[in-house]
file run.cif (mmCIF, C-alpha atoms)
data_my_file
loop_
_atom_site.label_atom_id
_atom_site.label_comp_id
_atom_site.auth_asym_id
_atom_site.auth_seq_id
_atom_site.Cartn_x
_atom_site.Cartn_y
_atom_site.Cartn_z
CA MET R 1 4.05 226.81 65.41
CA TYR R 2 2.06 224.24 67.38
CA ALA R 3 3.18 220.66 67.64
CA SER R 4 -0.46 219.60 67.97
CA ARG R 5 -1.55 220.95 64.62
CA GLY R 6 -3.02 218.60 62.03
CA ALA R 7 0.00 219.61 60.06
CA GLY R 8 0.91 220.42 56.55
CA VAL R 9 -2.56 220.60 55.13
CA ARG R 10 -2.74 221.87 51.63
CA ALA R 11 -2.98 225.62 51.10
CA SER R 12 -2.85 225.88 47.34
CA VAL R 13 -5.29 224.08 45.10
CA ALA R 14 -5.60 223.02 41.52
CA VAL R 15 -6.58 225.63 39.01
CA ALA R 16 -10.35 225.87 39.20
CA GLY R 17 -10.71 225.78 35.45
CA ALA R 18 -9.28 222.27 35.37
CA ALA R 19 -12.19 221.04 37.44
CA LEU R 20 -14.61 222.38 34.88
CA LEU R 21 -13.16 219.99 32.34
CA LEU R 22 -13.30 216.89 34.50
CA ALA R 23 -16.74 215.63 33.61
CA GLY R 24 -16.06 215.88 29.90
CA CYS R 25 -12.62 214.29 30.04
CA PHE R 26 -13.24 211.10 31.95
CA GLY R 27 -15.15 208.10 30.76
CA GLY R 28 -15.91 204.76 32.33
CA ASP R 29 -19.06 203.25 33.72
CA GLY R 30 -17.37 201.57 36.69
CA ASP R 31 -18.17 197.98 35.73
CA GLY R 32 -14.56 196.93 36.15
CA GLY R 33 -13.96 196.34 32.45
CA ASP R 34 -12.19 198.42 29.82
CA ASP R 35 -14.63 201.28 30.35
CA ASP R 36 -12.98 201.86 33.75
CA LYS R 37 -9.95 203.13 31.84
CA PRO R 38 -10.29 206.89 31.21
CA SER R 39 -9.78 208.13 27.69
CA GLY R 40 -6.18 209.14 27.03
CA SER R 41 -4.85 207.77 30.32
CA ASP R 42 -3.46 204.50 31.62
CA ILE R 43 -4.45 205.30 35.21
CA THR R 44 -7.38 203.08 36.13
CA GLN R 45 -9.80 202.85 39.04
CA GLN R 46 -9.32 200.51 41.99
CA PRO R 47 -11.79 197.62 42.59
CA ASN R 48 -15.11 199.12 43.61
CA ASP R 49 -15.95 196.52 46.24
CA THR R 50 -12.96 197.33 48.47
CA ASP R 51 -12.08 200.86 47.34
CA PRO R 52 -15.14 202.77 46.10
CA PHE R 53 -13.29 206.08 45.87
CA TRP R 54 -12.42 207.88 42.65
CA VAL R 55 -8.89 207.94 41.22
CA ASN R 56 -8.23 211.21 39.39
CA PRO R 57 -6.40 210.12 36.22
CA GLU R 58 -5.14 213.64 35.60
CA GLY R 59 -3.76 214.53 39.02
CA ASN R 60 -0.20 215.68 39.72
CA ALA R 61 1.08 212.15 40.26
CA ALA R 62 -0.44 210.92 37.01
CA ALA R 63 1.15 213.83 35.14
CA GLN R 64 4.50 212.97 36.75
CA VAL R 65 4.20 209.36 35.61
CA ALA R 66 3.66 210.55 32.05
CA ALA R 67 6.61 212.96 32.28
CA TYR R 68 8.97 210.29 33.59
CA GLU R 69 7.85 207.82 30.93
CA LYS R 70 8.41 210.41 28.20
CA ALA R 71 11.89 211.06 29.57
CA GLY R 72 12.67 207.34 29.63
CA LYS R 73 12.80 207.24 33.44
CA ASP R 74 10.78 204.06 33.67
CA ASP R 75 11.90 203.13 37.19
CA ASP R 76 10.83 206.51 38.57
CA ALA R 77 7.56 206.31 36.65
CA LYS R 78 6.86 202.92 38.23
CA LEU R 79 7.44 204.36 41.69
CA ILE R 80 5.18 207.38 41.21
CA ARG R 81 2.50 205.10 39.79
CA LYS R 82 2.06 203.81 43.36
CA ILE R 83 0.62 207.24 44.16
CA ALA R 84 -1.09 207.98 40.86
CA GLU R 85 -3.22 204.83 40.97
CA GLN R 86 -4.72 205.51 44.39
CA PRO R 87 -7.67 207.82 45.14
CA THR R 88 -6.70 210.98 46.98
CA GLY R 89 -8.57 213.95 48.38
CA GLU R 90 -9.51 216.80 46.08
CA TRP R 91 -9.03 220.06 48.01
CA ILE R 92 -11.68 222.54 46.93
CA GLY R 93 -10.33 226.02 46.22
CA PRO R 94 -11.73 229.34 47.45
CA GLU R 95 -12.81 230.87 44.17
CA ASN R 96 -15.10 228.42 42.35
CA PRO R 97 -16.42 225.89 44.86
CA GLU R 98 -19.55 224.98 42.92
CA GLN R 99 -17.71 224.35 39.65
CA GLU R 100 -14.93 222.37 41.30
CA ALA R 101 -17.25 220.23 43.41
CA LYS R 102 -19.43 219.59 40.38
CA GLY R 103 -16.48 218.67 38.18
CA TYR R 104 -14.98 216.22 40.62
CA THR R 105 -18.25 214.56 41.62
CA GLU R 106 -19.47 214.28 38.02
CA ALA R 107 -16.20 212.64 36.98
CA ALA R 108 -16.39 210.27 39.94
CA ALA R 109 -20.02 209.41 39.29
CA LYS R 110 -19.26 208.59 35.65
CA ALA R 111 -16.69 206.10 36.91
CA ASP R 112 -19.23 204.73 39.44
CA ARG R 113 -17.06 205.95 42.31
CA ASP R 114 -17.29 208.37 45.25
CA ALA R 115 -15.34 211.63 45.18
CA ILE R 116 -13.24 212.51 48.24
CA LEU R 117 -13.48 216.25 48.83
CA VAL R 118 -11.52 218.19 51.43
CA LEU R 119 -12.95 221.51 52.61
CA TYR R 120 -10.29 223.79 54.04
CA ASN R 121 -11.44 227.39 53.93
CA ILE R 122 -12.52 228.31 57.47
CA PRO R 123 -11.84 231.98 58.36
CA HIS R 124 -8.49 232.49 60.16
CA ARG R 125 -7.29 229.15 58.87
CA ASP R 126 -4.01 227.75 60.19
CA CYS R 127 -3.44 230.81 62.40
CA GLY R 128 -1.54 232.55 59.60
CA GLN R 129 1.12 229.83 59.32
CA TYR R 130 2.24 227.92 56.19
CA SER R 131 -1.34 227.25 55.11
CA GLY R 132 -2.82 230.50 56.40
CA GLY R 133 -5.81 232.07 54.69
CA GLY R 134 -9.43 231.02 54.46
CA ALA R 135 -12.69 232.83 53.78
CA ALA R 136 -12.80 236.54 54.55
CA ASP R 137 -15.58 236.19 57.12
CA GLY R 138 -18.47 234.02 58.25
CA ASP R 139 -20.82 235.14 55.49
CA ALA R 140 -18.21 234.40 52.84
CA TYR R 141 -17.67 230.95 54.31
CA ARG R 142 -21.38 230.16 54.37
CA ALA R 143 -21.65 231.21 50.72
CA TRP R 144 -18.66 229.01 49.89
CA ILE R 145 -20.24 226.00 51.61
CA ASP R 146 -23.47 226.68 49.73
CA GLY R 147 -21.47 226.54 46.50
CA VAL R 148 -19.86 223.25 47.43
CA ALA R 149 -23.22 221.74 48.33
CA LYS R 150 -24.80 222.91 45.09
CA GLY R 151 -21.88 221.48 43.13
CA ILE R 152 -22.16 218.08 44.80
CA GLY R 153 -25.90 217.77 44.42
CA ASP R 154 -27.10 214.17 44.65
CA ARG R 155 -23.81 212.65 43.51
CA PRO R 156 -21.79 210.49 45.96
CA ALA R 157 -19.14 212.33 47.95
CA THR R 158 -17.10 211.80 51.10
CA VAL R 159 -16.25 215.16 52.66
CA ILE R 160 -13.41 215.80 55.12
CA LEU R 161 -14.38 219.01 56.88
CA GLU R 162 -11.84 221.62 57.91
CA PRO R 163 -8.55 220.05 59.01
CA ASP R 164 -7.25 221.63 62.23
CA ALA R 165 -10.29 223.88 62.72
CA VAL R 166 -11.38 222.38 66.04
CA LEU R 167 -7.89 221.51 67.22
CA HIS R 168 -6.67 225.08 66.76
CA VAL R 169 -9.50 226.32 68.96
CA VAL R 170 -8.50 223.90 71.69
CA ASP R 171 -4.76 224.57 71.58
CA GLY R 172 -5.25 228.33 71.64
CA CYS R 173 -3.76 228.94 68.22
CA THR R 174 -7.03 230.52 67.03
CA PRO R 175 -7.83 233.68 69.08
CA GLY R 176 -10.73 233.38 71.49
CA GLU R 177 -12.88 236.00 69.79
CA PHE R 178 -13.27 233.67 66.79
CA HIS R 179 -14.24 230.50 68.67
CA GLU R 180 -18.01 230.94 68.84
CA GLU R 181 -18.26 231.81 65.17
CA ARG R 182 -16.08 228.86 64.19
CA PHE R 183 -18.30 226.38 66.00
CA ASP R 184 -21.34 227.95 64.37
CA LEU R 185 -19.77 227.75 60.91
CA LEU R 186 -18.78 224.11 61.34
CA LYS R 187 -22.24 223.15 62.60
CA GLY R 188 -23.80 224.94 59.66
CA ALA R 189 -21.52 223.19 57.19
CA ILE R 190 -22.34 219.78 58.67
CA GLU R 191 -26.05 220.55 58.49
CA LYS R 192 -25.87 221.82 54.90
CA LEU R 193 -23.70 219.03 53.53
CA GLY R 194 -25.29 216.31 55.64
CA ALA R 195 -28.66 217.09 54.09
CA LEU R 196 -27.37 216.04 50.67
CA LYS R 197 -28.66 212.66 49.49
CA ASN R 198 -25.35 210.84 48.99
CA THR R 199 -22.79 212.87 50.94
CA LYS R 200 -20.96 211.71 54.05
CA VAL R 201 -19.31 214.32 56.28
CA TYR R 202 -16.37 213.65 58.58
CA LEU R 203 -15.23 216.48 60.87
CA ASP R 204 -11.49 216.68 61.45
CA ALA R 205 -10.52 215.68 65.00
CA GLY R 206 -6.75 215.93 65.14
CA ASN R 207 -4.27 213.11 65.50
CA ALA R 208 -2.70 210.64 67.90
CA GLY R 209 0.05 213.12 68.73
CA TRP R 210 -2.41 215.52 70.30
CA GLY R 211 -1.25 215.59 73.89
CA ASP R 212 -4.54 216.03 75.76
CA PRO R 213 -7.49 214.51 73.90
CA ASP R 214 -9.78 215.02 76.90
CA LYS R 215 -9.87 218.69 75.96
CA ILE R 216 -11.24 218.07 72.48
CA PHE R 217 -14.35 216.02 73.33
CA ASP R 218 -16.65 218.95 74.10
CA PRO R 219 -15.36 221.22 71.31
CA LEU R 220 -16.08 218.46 68.79
CA LYS R 221 -19.64 218.31 70.10
CA TRP R 222 -19.97 222.10 69.94
CA ALA R 223 -18.85 221.90 66.32
CA GLY R 224 -21.60 219.39 65.53
CA VAL R 225 -19.71 216.09 65.29
CA GLU R 226 -22.71 214.17 66.63
CA GLN R 227 -24.72 215.35 63.62
CA ALA R 228 -21.93 214.38 61.20
CA ASP R 229 -21.38 210.91 59.77
CA GLY R 230 -18.23 210.72 61.84
CA PHE R 231 -14.82 212.31 62.21
CA ALA R 232 -11.38 212.14 60.61
CA VAL R 233 -8.02 211.58 62.29
CA ASN R 234 -4.37 211.92 61.21
CA VAL R 235 -5.12 214.27 58.30
CA SER R 236 -1.80 215.20 56.67
CA ASN R 237 0.07 213.57 59.54
CA PHE R 238 2.19 210.49 60.04
CA TYR R 239 0.96 208.60 63.10
CA THR R 240 0.63 204.87 62.58
CA THR R 241 -2.69 203.29 61.76
CA GLU R 242 -2.56 201.37 65.04
CA ASP R 243 -2.07 204.55 67.08
CA SER R 244 -4.70 206.37 65.03
CA ILE R 245 -7.26 203.64 65.68
CA ALA R 246 -6.59 203.83 69.42
CA TYR R 247 -6.93 207.62 69.37
CA GLY R 248 -10.07 207.50 67.25
CA LYS R 249 -11.74 204.91 69.46
CA ARG R 250 -11.03 207.01 72.52
CA LEU R 251 -12.69 210.01 70.87
CA SER R 252 -15.57 207.93 69.55
CA SER R 253 -16.49 206.72 73.03
CA LYS R 254 -16.99 210.35 74.08
CA VAL R 255 -18.92 211.62 71.05
CA GLY R 256 -21.76 209.18 70.60
CA ASN R 257 -19.68 206.25 69.33
CA LYS R 258 -19.27 207.92 65.99
CA PRO R 259 -17.19 206.05 63.39
CA PHE R 260 -14.13 207.64 61.88
CA VAL R 261 -11.76 207.61 58.91
CA ILE R 262 -7.96 207.63 59.03
CA ASP R 263 -5.57 209.42 56.68
CA THR R 264 -3.02 206.71 55.89
CA SER R 265 -1.41 208.53 52.98
CA ARG R 266 2.06 208.90 54.51
CA ASN R 267 2.05 206.95 57.77
CA GLY R 268 3.87 203.82 56.62
CA ASN R 269 6.91 204.54 58.80
CA GLY R 270 5.12 206.46 61.53
CA PRO R 271 6.08 209.98 62.64
CA TRP R 272 9.54 211.49 62.46
CA THR R 273 11.12 211.78 65.90
CA GLU R 274 14.16 213.95 65.17
CA GLY R 275 14.81 217.62 64.54
CA ASP R 276 12.79 220.58 65.79
CA GLU R 277 9.77 219.10 67.57
CA SER R 278 7.53 221.96 66.48
CA GLU R 279 8.14 221.17 62.79
CA ARG R 280 8.47 217.39 62.75
CA TRP R 281 5.20 217.33 60.82
CA CYS R 282 6.59 219.43 57.97
CA ASN R 283 8.09 217.43 55.09
CA PRO R 284 9.83 214.92 57.39
CA PRO R 285 12.41 212.70 55.68
CA GLY R 286 12.26 208.93 55.62
CA ARG R 287 8.48 208.61 55.59
CA ALA R 288 6.52 206.07 53.56
CA LEU R 289 3.13 205.57 51.98
CA GLY R 290 0.64 203.88 54.28
CA GLU R 291 -2.22 201.44 53.71
CA ALA R 292 -4.01 201.91 50.44
CA PRO R 293 -7.45 203.54 50.61
CA THR R 294 -10.15 201.00 51.40
CA THR R 295 -13.38 200.48 53.26
CA GLU R 296 -12.11 197.11 54.52
CA THR R 297 -10.35 198.19 57.70
CA ALA R 298 -8.92 196.55 60.78
CA ASP R 299 -11.68 197.76 63.08
CA PRO R 300 -15.48 198.12 62.73
CA SER R 301 -15.22 201.64 64.18
CA VAL R 302 -13.13 202.72 61.18
CA ASP R 303 -15.23 203.48 58.10
CA ALA R 304 -12.24 203.78 55.79
CA TYR R 305 -8.55 204.35 55.31
CA LEU R 306 -8.21 207.37 53.04
CA TRP R 307 -5.42 209.32 51.40
CA VAL R 308 -6.68 212.74 52.42
CA LYS R 309 -3.31 214.42 51.99
CA ARG R 310 -2.04 213.97 48.45
CA PRO R 311 1.35 212.23 48.77
CA GLY R 312 4.07 214.21 47.05
CA GLU R 313 2.59 217.63 47.76
CA SER R 314 4.59 219.82 50.10
CA ASP R 315 3.63 220.59 53.69
CA GLY R 316 5.20 224.02 53.44
CA GLU R 317 8.45 225.88 52.91
CA CYS R 318 10.56 223.79 55.27
CA LYS R 319 13.36 221.25 54.76
CA GLY R 320 13.79 222.50 51.21
CA GLY R 321 10.13 222.13 50.23
CA PRO R 322 8.10 224.45 48.00
CA LYS R 323 4.96 226.24 49.15
CA ALA R 324 2.27 224.23 50.92
CA GLY R 325 0.31 222.13 48.46
CA GLU R 326 2.77 222.35 45.57
CA TRP R 327 3.84 219.12 43.89
CA TRP R 328 7.33 218.02 44.93
CA PRO R 329 8.46 215.07 42.79
CA GLU R 330 11.61 214.37 44.79
CA TYR R 331 9.61 213.94 47.99
CA ALA R 332 7.05 211.82 46.18
CA LEU R 333 9.83 209.51 45.00
CA GLU R 334 11.17 209.21 48.56
CA LEU R 335 7.73 208.21 49.85
CA ALA R 336 7.31 205.61 47.12
CA LYS R 337 10.82 204.19 47.50
CA ALA R 338 10.38 203.81 51.25
CA SER R 339 7.20 201.83 50.61
CA GLU R 340 8.93 199.07 48.60
#

call {"tool": "encode", "arguments": {"input": "run.cif", "output": "structure tokens"}}
result
Amino acid sequence: MYASRGAGVRASVAVAGAALLLAGCFGGDGDGGDDDKPSGSDITQQPNDTDPFWVNPEGNAAAQVAAYEKAGKDDDAKLIRKIAEQPTGEWIGPENPEQEAKGYTEAAAKADRDAILVLYNIPHRDCGQYSGGGAADGDAYRAWIDGVAKGIGDRPATVILEPDAVLHVVDGCTPGEFHEERFDLLKGAIEKLGALKNTKVYLDAGNAGWGDPDKIFDPLKWAGVEQADGFAVNVSNFYTTEDSIAYGKRLSSKVGNKPFVIDTSRNGNGPWTEGDESERWCNPPGRALGEAPTTETADPSVDAYLWVKRPGESDGECKGGPKAGEWWPEYALELAKASE
């Protein structure tokens, strides 16, 4: 396990078939009135002027709110609503990328919002750790990216590209024989997705806990960051927004002054500093939700605060957690309670 890893990124994804139903299930024209309220749900969109990203009214957190309300656990339902009513990343699965990307972006477009899509399928992903897996080879990955691009089409989307992919080249976690191909695949993905009319692409660039950022400048360039809309920091991690801004600005100055986005989903209390250092990133106790997603940030270099990691979903089978990406209501409640 590497302490530098982006940490706890989601391995499992929603059933692909659910995405096929998205466009037909959600209404709303995004004008801020009653039409912003999806049919059959009391989860509404955030104000478009400050938070233009789509809230999925049928995500895990929304389902948990409904379950708690049905069971008469109104206090718990109120807590989980803090998560359910914020836009979070939709992690595209390996099997049906076109259908999933189409379903999410169509639903978002109908609500006059932008979908946040996370692409996490690079070959040799996560070095075989909790979130190991990925496409079988380079050709399979290119075909998968083609599917995602076709599914997005001209609809608005903000794409977070391959958490940990560059960092795991730099820290040696990914074997050297795969490095050249990985850079080529990332550059190709940026080119393919960046050519779409209304898609922004942010390449993952690690986090403020990465011990030697000087070593990541050139690899980010080799991966095509200068052709992307920017880069992402703190994905699935816990470093404070202040520290993440400082880290991002240091990177930006070395890669063409590119802007960046910050994952603030669980950084309200900063990183955990106890226990095994190599697994402090994995389901740490005592963490809190961070700043709500918004395009109104504390620094002009920061395009947005995003909830890339979906709060309440496990980082992996550690500290009593289920498999990576599975919904863990007890942990979700802890995050929400700590944010009061």

call {"tool": "atom_distance", "arguments": {"input": "run.cif", "atom1": "atom CA of R:Ser301", "atom2": "atom CA of R:Ala115"}}
result
21.5 Å

call {"tool": "residues_around", "arguments": {"input": "run.cif", "residues": "R:Ala338", "least_positions_apart": "5", "cutoff": "12 Å", "atoms": "all atoms listed in the file", "output": "short mmCIF file (atom, residue, chain, number, x, y, z; two decimals) with C-alpha atoms, in the coordinates of the input"}}
result
data_model
loop_
_atom_site.label_atom_id
_atom_site.label_comp_id
_atom_site.auth_asym_id
_atom_site.auth_seq_id
_atom_site.Cartn_x
_atom_site.Cartn_y
_atom_site.Cartn_z
CA LEU R 79 7.44 204.36 41.69
CA ILE R 80 5.18 207.38 41.21
CA LYS R 82 2.06 203.81 43.36
CA ARG R 266 2.06 208.90 54.51
CA ASN R 267 2.05 206.95 57.77
CA GLY R 268 3.87 203.82 56.62
CA ASN R 269 6.91 204.54 58.80
CA GLY R 270 5.12 206.46 61.53
CA PRO R 285 12.41 212.70 55.68
CA GLY R 286 12.26 208.93 55.62
CA ARG R 287 8.48 208.61 55.59
CA ALA R 288 6.52 206.07 53.56
CA LEU R 289 3.13 205.57 51.98
CA GLY R 290 0.64 203.88 54.28
CA TYR R 331 9.61 213.94 47.99
CA ALA R 332 7.05 211.82 46.18
CA LEU R 333 9.83 209.51 45.00
#

call {"tool": "resolve_selection", "arguments": {"input": "run.cif", "expression": "the PyMOL selection byres ((chain R and resi 200) around 12)", "output": "count of residues only"}}
result
40

call {"tool": "resolve_selection", "arguments": {"input": "run.cif", "expression": "the PyMOL selection byres ((chain R and resi 187) around 8)", "output": "list in words"}}
result
Phe183, Asp184, Leu185, Leu186, Gly188, Ala189, Ile190, Glu191, Trp222, Ala223, Gly224 and Val225 of chain R

call {"tool": "residues_around", "arguments": {"input": "run.cif", "residues": "R:Val233", "least_positions_apart": "3", "cutoff": "10 Å", "atoms": "only C-alpha atoms", "output": "list in words"}}
result
Gly6, Ile160, Pro163, Tyr202, Leu203, Asp204, Ala205, Gly206, Asn207, Ala208, Ser236, Asn237, Tyr239, Thr241, Ser244, Ile245, Tyr247, Gly248, Leu251, Phe260, Val261, Ile262, Asp263 and Thr264 of chain R

call {"tool": "resolve_selection", "arguments": {"input": "run.cif", "expression": "the PyMOL selection byres ((chain R and resi 64) around 10)", "output": "number ranges by chain"}}
result
R: 58-63, 65-70, 76-77, 80-81, 84, 327, 329, 332

call {"tool": "closest_residue", "arguments": {"input": "run.cif", "among": "R:Pro293, R:Gly132, R:Pro57, R:Gly321", "to": "R:Val308", "atoms": "all atoms listed in the file"}}
result
R:Pro293

call {"tool": "closest_residue", "arguments": {"input": "run.cif", "among": "R:Pro311, R:Pro271, R:Gly172, R:Pro322", "to": "R:Pro87", "atoms": "only C-alpha atoms"}}
result
R:Pro311

call {"tool": "residues_around", "arguments": {"input": "run.cif", "residues": "R:Val255", "least_positions_apart": "4", "cutoff": "9 Å", "atoms": "only C-alpha atoms", "output": "VMD selection string"}}
result
chain R and resid 217 to 218 220 to 221 225 to 226 251

call {"tool": "atom_distance", "arguments": {"input": "run.cif", "atom1": "atom CA of R:Pro284", "atom2": "atom CA of R:Ile83"}}
result
17.9 Å

call {"tool": "atom_distance", "arguments": {"input": "run.cif", "atom1": "atom CA of R:Ser278", "atom2": "atom CA of R:Gly211"}}
result
13.1 Å
